[in-house]
Amino acid sequence: MADTEKACIVLANGQVFEGKSFGSSGVITGEAVFTTGMNGYIETLTDPSYYGQIVTQTFPLIGNYGLIPADFESSKIHVRGYIVRSWCENPSNFRKENTIDTWLKAQNIIGLYDIDTRALTKVLREAGVMNAMIISGNSDEAQAAFSALNNESEKAVLLNKIRSYKIEKAVETVTCDAVKVEKDAQTVFQESSAYRAVPVRADGTKVNDSEEAMRDGKGKKVVLWDFGAKANIRRELLKRGLEVITLPCTATAKDIMEVQPDGVMLSNGPGDPSDNVGIIEEIKKLLQEDVAIFGICLGHQLLALAKGAKTSKLKYGHRGANQPVKHLSTGRVYISSQNHGYAVENDTLPKDAVLSFVNTNDGTCEGITYTDTPSFSVQFHPEAASGPLDTGFLFDEFVRLINNHDYFKDFKTPYQRVDAIKTFSETIKHTKQPRAAS
């Protein structure tokens with residue numbers, strides 16, 4: 001490794017983990033979280049849902065395949081800071097364009113490595129996510145922060161500053177960033193088919209022919225309501241022949257309906273879902289229109305809030321490409337990719353909401369189908385190819401709902417009701433992730 005500068009992370013509880021600096025240097029405060037994916041670090045860094053967070057990778061070696069711009073989920077890095085056990089100085093991949101260190105420096109993102117990420121993860125798992133500060137380099141600000149750690153009264157002031165950090169205006173800050181990496185439908189399909197990332201049916205068979213894959217979606221228009229959308233959501237819609245129009249988070253239900261869409265995609269995004277009061281009110285108005293709705297991650301939570309359910313913060317969230325979810329209508333378990341710190345509370349779902357997926361680790365809500373409106377949602381990311389392509393069929397479900405608004409109305413029987421899940425939840429109480437302290 002090249003010469004490195006001193007660096008550390010200071011947690012809000014006072015614990016300090018010393019390491020070395022990579023990427024940019026300076027002082028940054030954010031919410032410390034961990035993600036368990038073995039790969040996908042490019043997607044993690046460019047996922048707008050990580051806005052405001054200092055991300056720790058639990059997998060020990062990051063950067064093996066370098067920087068690949070074609071895999072970006074948005075045009076830039078959104079994390080506040082980045083922590084790894086070690087990073088690869090000499091990546092090997094025919095698509096790579098640079099190293100992760102060079103990329104972080106170019107985007108002024110502070111990195112920290114050579115710390116015990118396993119120990120840090122255990123702290124966050126047991127105590128819950130908490131604010132933290134990364135101090136790195138030789139700037140006056142960094143040196144003052146390092147000095148404060150050695151003085152009890154000054155450290156108390158520093159910890160108060162860390163604890164007071166709050167992620168604000170998250171959705172407004174990241175909306176429509178992924179638009180900058182958008183491509184047309186045919187290009188998307190051709191590039192995806194080169195790596196066999198084509199649409200996959202529920203039975204697991206791949207649709208390699210673009211005409212066949214796009215047949216049912218041709219002539220249909222979808223608004224991607226962008227709360228911090230990952231680019232791959234748009235790609236999956238395009239692969240199915242849908243015309244996609246991206247609108248910012250500030251759009252109203254009236255703005256959306258003026259486009260005359262056949263469907264609306266509520267995207268993923270960062271922050272506390274309950275902070276988005278105005279968006280929730282607009283979703284309520286949208287639910288009065290005759291339009292199909294599909295929500296992913298934050299979109300799933302916002303749709304549930306608009307329908308009268310409640311959300312709460314998880315102790316340490318679900319972040320990574322190895323989260324198991326159970327499809328209640330079939331009993332099948334899928335491995336999903338997730339990135340969220342909040343969950344819809346199972347026992348607050350309204351009468352016409354059917355719990356469709358649950359997390360098999362802790363029983364939390366992972367999907368809802370609504371039988372009184374043409375709408376459904378999932379907490380995980382079906383576009384993220386973690387299984388690798390298991391739950392991509394949900395985009396086909398969206399196309400079917402667009403073409404037949406009664407598609408889910410007969411699903412009351414095969415989909416287990418909220419009451420039916422209580423027995424399942426009881427069996428996994430010993431592994432259930434506790435809610436964060438309020």
# chains A, B, ... in the order shown; residues from 1 in each chain; ligands from 1
call {"tool": "residues_around", "arguments": {"residues": "Asn90 (chain A)", "least_positions_apart": "6", "cutoff": "9 Å", "atoms": "only C-alpha atoms", "output": "PyMOL selection string"}}
result
chain A and resi 63-66+99
call {"tool": "write_last_selection", "arguments": {"atoms": "N, CA and C atoms", "output": "tab-separated table (two decimals), in the first residue's frame"}}
result
chain	number	residue	atom	x	y	z
A	63	GLY	N	-13.13	-4.06	-3.28
A	63	GLY	CA	-12.47	-3.40	-4.40
A	63	GLY	C	-11.79	-4.35	-5.36
A	64	ASN	N	-12.05	-5.66	-5.23
A	64	ASN	CA	-11.37	-6.68	-6.04
A	64	ASN	C	-11.54	-6.46	-7.54
A	65	TYR	N	-12.71	-5.95	-7.95
A	65	TYR	CA	-12.94	-5.77	-9.39
A	65	TYR	C	-12.95	-4.30	-9.78
A	66	GLY	N	-12.41	-3.45	-8.90
A	66	GLY	CA	-12.18	-2.06	-9.25
A	66	GLY	C	-13.44	-1.24	-9.44
A	99	THR	N	-9.26	2.11	-9.52
A	99	THR	CA	-9.37	1.50	-8.19
A	99	THR	C	-10.43	2.21	-7.36
call {"tool": "residues_around", "arguments": {"residues": "region 382-384 of chain A", "least_positions_apart": "4", "cutoff": "7 Å", "atoms": "only C-alpha atoms", "output": "count of residues only"}}
result
7
call {"tool": "atom_distance", "arguments": {"atom1": "CA of Arg163 (chain A)", "atom2": "CA of Ala12 (chain A)"}}
result
5.7 Å
call {"tool": "atom_distance", "arguments": {"atom1": "CA of Ala304 (chain A)", "atom2": "CA of Gly271 (chain A)"}}
result
15.6 Å
call {"tool": "atom_distance", "arguments": {"atom1": "CA of Ser329 (chain A)", "atom2": "CA of Lys313 (chain A)"}}
result
26.9 Å
call {"tool": "residues_around", "arguments": {"residues": "Ile256 (chain A)", "least_positions_apart": "4", "cutoff": "9 Å", "atoms": "only C-alpha atoms", "output": "list in words"}}
result
Val223, Trp225, Leu247, Ala251, Thr252, Gln260, Pro261, Val264 and Leu286 of chain A
call {"tool": "select_by_dssp", "arguments": {"residues": "region 238-299 of chain A", "states": "alpha helix (DSSP H)", "output": "ChimeraX atom specification"}}
result
/A:238-239,253-258,277-286,298-299
call {"tool": "select_by_dssp", "arguments": {"residues": "region 49-172 of chain A", "states": "strand (DSSP E or B)", "output": "PyMOL selection string"}}
result
chain A and resi 53-57+61-62+67+81-83+86-87+98+110-113+130-136
call {"tool": "closest_residue", "arguments": {"among": "A:Ile335, A:Ala170, A:Ala7, A:Ile110", "to": "Asn138 (chain A)", "atoms": "only C-alpha atoms"}}
result
A:Ala7
